[in-house]
$ cat structure.txt   # compact mmCIF, C-alpha atoms
# COMPACT_ATOMS: atom_id res chain seq x y z
CA MET R 659 42.00 -13.91 -127.20
CA LEU R 660 41.71 -10.34 -126.02
CA LEU R 661 41.68 -10.21 -122.20
CA ASP R 662 39.74 -7.18 -120.97
CA LEU R 663 41.34 -5.67 -117.85
CA LYS R 664 39.01 -2.69 -117.35
CA GLY R 665 39.00 -1.68 -113.71
CA PHE R 666 42.03 -3.78 -112.79
CA PHE R 667 44.44 -0.83 -112.78
CA SER R 668 42.11 1.79 -111.26
CA SER R 669 41.97 0.88 -107.58
CA GLU R 670 44.94 -0.43 -105.63
CA ASN R 671 42.86 -1.44 -102.62
CA GLU R 672 40.27 -3.53 -104.45
CA LYS R 673 41.39 -7.10 -105.17
CA LYS R 674 40.14 -8.42 -108.50
CA GLU R 675 40.66 -11.76 -110.16
CA LYS R 676 39.57 -12.90 -113.59
CA PRO R 677 39.98 -16.52 -114.74
CA PHE R 678 40.28 -17.39 -118.42
CA SER R 679 40.36 -20.51 -120.54
CA PHE R 680 40.74 -20.80 -124.32
CA SER R 681 42.73 -22.52 -127.04
CA PHE R 682 44.56 -21.31 -130.14
CA SER R 683 46.51 -22.88 -132.96
CA MET R 684 50.22 -22.70 -133.69
CA ALA R 685 49.99 -25.13 -136.62
CA ASP R 686 51.39 -22.43 -138.92
CA VAL R 687 54.69 -22.16 -136.99
CA GLU R 688 57.53 -23.71 -138.99
CA MET R 689 60.83 -24.78 -137.44
CA ASP R 690 63.59 -26.21 -139.64
CA GLY R 691 61.10 -27.26 -142.32
CA ILE R 692 58.61 -28.97 -140.00
CA TYR R 693 55.47 -27.90 -138.19
CA PRO R 694 56.01 -29.22 -134.62
CA PHE R 695 52.79 -28.01 -132.96
CA VAL R 696 50.43 -30.86 -133.80
CA SER R 697 47.58 -29.94 -131.45
CA PRO R 698 45.88 -26.71 -130.42
CA ILE R 699 47.44 -24.90 -127.47
CA ALA R 700 45.08 -25.26 -124.48
CA VAL R 701 45.34 -22.34 -122.03
CA THR R 702 43.96 -21.88 -118.51
CA GLY R 703 44.91 -19.10 -116.16
CA LYS R 704 43.96 -15.97 -114.31
CA ALA R 705 44.64 -12.27 -114.08
CA LYS R 706 44.87 -10.91 -110.54
CA THR R 707 45.50 -7.43 -109.15
CA GLU R 708 48.77 -6.99 -107.30
CA ASN R 709 49.93 -3.62 -105.90
CA GLY R 710 48.63 -1.48 -108.77
CA ALA R 711 49.67 -4.02 -111.39
CA VAL R 712 48.12 -7.19 -112.77
CA ARG R 713 49.78 -10.59 -112.37
CA LEU R 714 48.98 -12.80 -115.32
CA THR R 715 49.42 -16.55 -114.80
CA ALA R 716 48.80 -18.99 -117.65
CA GLU R 717 49.32 -22.73 -117.99
CA VAL R 718 49.60 -24.05 -121.52
CA SER R 719 49.48 -27.65 -122.71
CA TYR R 720 50.08 -29.00 -126.21
CA GLU R 721 51.57 -31.81 -128.30
CA PHE R 722 55.02 -31.23 -129.78
CA LYS R 723 56.55 -33.39 -132.53
CA ALA R 724 60.03 -32.90 -133.96
CA ALA R 725 63.20 -34.80 -134.87
CA CYS R 726 66.18 -35.22 -132.54
CA ASN R 727 69.03 -32.98 -133.71
CA ARG R 728 71.61 -35.76 -133.23
CA CYS R 729 69.98 -39.03 -134.33
CA LEU R 730 66.85 -37.85 -136.22
CA THR R 731 64.56 -40.03 -134.06
CA GLU R 732 61.07 -38.57 -133.73
CA ILE R 733 60.39 -36.74 -130.47
CA HIS R 734 56.72 -36.70 -129.48
CA GLU R 735 55.95 -34.97 -126.20
CA LEU R 736 52.92 -33.70 -124.35
CA LYS R 737 54.15 -30.42 -122.91
CA LYS R 738 52.81 -28.39 -119.99
CA GLU R 739 54.36 -25.04 -119.21
CA LEU R 740 53.54 -22.23 -116.81
CA PHE R 741 54.09 -18.58 -117.73
CA GLU R 742 53.77 -15.52 -115.50
CA HIS R 743 53.86 -11.85 -116.39
CA LEU R 744 53.38 -8.65 -114.46
CA LEU R 745 51.39 -6.04 -116.40
CA LEU R 746 51.57 -2.27 -115.85
CA LEU R 747 49.35 0.38 -117.40
CA SER R 748 51.66 2.85 -119.17
CA ASP R 749 52.07 4.56 -122.55
CA GLU R 750 55.88 4.61 -122.43
CA ASP R 751 58.14 1.82 -123.62
CA SER R 752 60.75 0.48 -121.26
CA PRO R 753 63.68 -1.87 -121.84
CA ASP R 754 62.93 -3.48 -118.45
CA ASP R 755 61.89 -7.14 -118.99
CA THR R 756 60.37 -7.40 -115.52
CA TYR R 757 57.07 -5.85 -116.61
CA ILE R 758 54.91 -5.79 -119.68
CA ARG R 759 53.58 -2.30 -120.25
CA VAL R 760 50.08 -2.14 -121.70
CA SER R 761 48.70 1.11 -123.10
CA GLU R 762 45.07 0.02 -123.03
CA GLU R 763 43.22 -1.95 -120.39
CA ALA R 764 43.38 -5.11 -122.52
CA ILE R 765 46.03 -7.53 -123.77
CA GLU R 766 46.11 -10.04 -126.60
CA LEU R 767 46.91 -13.30 -124.78
CA SER R 768 47.30 -15.54 -127.83
CA GLN R 769 50.20 -13.46 -129.19
CA LEU R 770 51.89 -13.12 -125.79
CA LEU R 771 51.70 -16.87 -125.09
CA ARG R 772 52.77 -17.71 -128.64
CA GLU R 773 55.98 -15.75 -128.07
CA ASP R 774 56.49 -17.36 -124.63
CA ILE R 775 56.16 -20.87 -126.08
CA ILE R 776 58.53 -20.20 -128.99
CA LEU R 777 61.13 -18.63 -126.70
CA ASN R 778 60.88 -21.62 -124.35
CA ILE R 779 61.76 -24.21 -127.01
CA PRO R 780 65.33 -25.46 -126.55
CA THR R 781 67.78 -24.55 -129.31
CA VAL R 782 68.90 -28.19 -129.51
CA LEU R 783 66.18 -30.82 -129.46
CA LEU R 784 67.34 -34.19 -128.14
CA CYS R 785 65.47 -37.49 -127.82
CA ARG R 786 67.37 -38.01 -124.55
CA GLU R 787 70.19 -36.26 -122.70
CA ASP R 788 72.84 -38.88 -123.58
CA CYS R 789 71.91 -39.24 -127.27
CA LYS R 790 74.98 -40.51 -129.17
CA GLY R 791 73.77 -39.41 -132.60
CA LEU R 792 74.58 -40.96 -135.96
CA CYS R 793 77.86 -42.42 -137.17
CA PRO R 794 79.41 -39.82 -139.50
CA LYS R 795 80.61 -42.59 -141.86
CA CYS R 796 77.78 -45.10 -142.19
CA GLY R 797 74.86 -43.18 -140.66
CA LYS R 798 73.89 -45.86 -138.13
CA ASN R 799 72.08 -44.66 -135.00
CA LEU R 800 74.72 -45.12 -132.28
CA ASN R 801 72.03 -45.28 -129.58
CA ASN R 802 71.24 -48.78 -130.90
CA GLY R 803 74.84 -49.99 -130.51
CA PRO R 804 78.23 -49.58 -132.18
CA CYS R 805 78.36 -49.52 -135.95
CA GLY R 806 81.61 -51.35 -136.65
CA CYS R 807 83.33 -48.50 -138.49
CA ARG R 808 87.04 -48.05 -137.79
CA GLU R 809 87.55 -45.24 -135.32
CA ASP R 810 91.27 -44.80 -136.03
CA SER R 811 90.78 -43.61 -139.60
CA VAL R 812 91.86 -40.05 -140.29
CA ASP R 813 90.25 -37.47 -142.53
CA PRO R 814 92.23 -37.66 -145.81
CA ARG R 815 92.83 -33.92 -145.71
CA LEU R 816 94.67 -34.35 -142.41
CA GLU R 817 96.60 -37.50 -143.38
CA ILE R 818 99.79 -35.46 -143.95
CA LEU R 819 99.71 -34.31 -140.32
CA LYS R 820 99.41 -37.91 -139.13
CA ASN R 821 102.49 -38.78 -141.21
CA LEU R 822 104.43 -35.92 -139.58
CA ILE R 823 103.54 -37.16 -136.09
CA ASN R 824 104.60 -40.74 -136.98
CA GLN R 825 107.96 -39.48 -138.37
CA GLU R 826 108.82 -37.68 -135.13
CA LEU R 827 108.22 -40.83 -133.06
$ encode --input "structure.txt" --output "structure tokens"
Amino acid sequence: MLLDLKGFFSSENEKKEKPFSFSFSMADVEMDGIYPFVSPIAVTGKAKTENGAVRLTAEVSYEFKAACNRCLTEIHELKKELFEHLLLLSDEDSPDDTYIRVSEEAIELSQLLREDIILNIPTVLLCREDCKGLCPKCGKNLNNGPCGCREDSVDPRLEILKNLINQEL
């Protein structure tokens, strides 16, 4: 959605506010072989003048489905996130992340919010904070209880080191 901001940057004294509401799809976004965005992204927000700039506030809500990185259990969440940006009218690029510089009096909101959502996804997805994962030997989900595998077994490649430690004792 292209948000038209004509007149927002022209007068510092005049307060303007423009609400917006729309939805867009992120069904084409692939992460580790899956497509986690199972519903359209619903967006509501507003653009408001603020000291010669425009403050953009947007709340997004969507369904997210993925597998836990430790135990492979399906994670299905309804997410709501709030994003804010300060927009300045300028032709020059700046490495400053505080502002978004727009060269025209319009901004493509779908692309901006798409980037915000992707950057806000955690690098490690967990079904819960204390997820124990899978047993490396038998593959049982350790969140459902112990698996019964021997914990004192040593990787065969390191068996020689275990023998050295036992000899010294």
$ axis_aligned_box --input "structure.txt" --around "stretch 813-826 of chain R" --padding-each-side "4 Å" --output "JSON"
{"center_x": 99.5, "center_y": -37.3, "center_z": -140.5, "size_x": 26.6, "size_y": 14.8, "size_z": 18.7}
$ residues_around --input "structure.txt" --residues "stretch 789-805 of chain R" --least-positions-apart "6" --cutoff "8 Å" --atoms "only C-alpha atoms" --output "mmCIF file with C-alpha atoms, in the coordinates of the input"
data_model
loop_
_atom_site.group_PDB
_atom_site.id
_atom_site.type_symbol
_atom_site.label_atom_id
_atom_site.label_comp_id
_atom_site.auth_asym_id
_atom_site.auth_seq_id
_atom_site.Cartn_x
_atom_site.Cartn_y
_atom_site.Cartn_z
ATOM 1 C CA ARG R 728 71.610 -35.760 -133.230
ATOM 2 C CA CYS R 729 69.980 -39.030 -134.330
ATOM 3 C CA LEU R 730 66.850 -37.850 -136.220
#
$ closest_residue --input "structure.txt" --among "R:Met684, R:Cys807, R:Leu771, R:Leu746" --to "R:Thr702" --atoms "all atoms listed in the file"
R:Leu771
$ closest_atom_pairs --input "structure.txt" --of "stretch 666-706 of chain R" --to "stretch 759-764 of chain R" --cutoff "10 Å" --atoms "only C-alpha atoms" --output "Markdown table"
| residue | atom | partner | partner_atom | distance |
| --- | --- | --- | --- | --- |
| R:Phe666 | CA | R:Glu763 | CA | 7.9 |
| R:Phe667 | CA | R:Glu763 | CA | 7.8 |
| R:Ser668 | CA | R:Glu763 | CA | 9.9 |
$ atom_distance --input "structure.txt" --atom1 "atom CA of R:Phe682" --atom2 "atom CA of R:Glu732"
24.2 Å
$ closest_residue --input "structure.txt" --among "R:Glu675, R:Asp788, R:Glu766, R:Asp774" --to "R:Arg713" --atoms "all atoms listed in the file"
R:Glu675
$ atom_distance --input "structure.txt" --atom1 "atom CA of R:Leu714" --atom2 "atom CA of R:Gln769"
13.9 Å
$ closest_residue --input "structure.txt" --among "R:Ala705, R:Ile733, R:Ala685, R:Leu816" --to "R:Ile765" --atoms "only C-alpha atoms"
R:Ala705
$ closest_residue --input "structure.txt" --among "R:Leu661, R:Asn727, R:Glu721, R:His734" --to "R:Gly703" --atoms "all atoms listed in the file"
R:Leu661
$ closest_residue --input "structure.txt" --among "R:Asp813, R:Glu773, R:Glu742, R:Glu735" --to "R:Ser697" --atoms "all atoms listed in the file"
R:Glu735
$ atom_distance --input "structure.txt" --atom1 "atom CA of R:Leu745" --atom2 "atom CA of R:Ser683"
24.1 Å
$ closest_residue --input "structure.txt" --among "R:Leu740, R:Ile818, R:Leu784, R:Ala700" --to "R:Cys726" --atoms "only C-alpha atoms"
R:Leu784
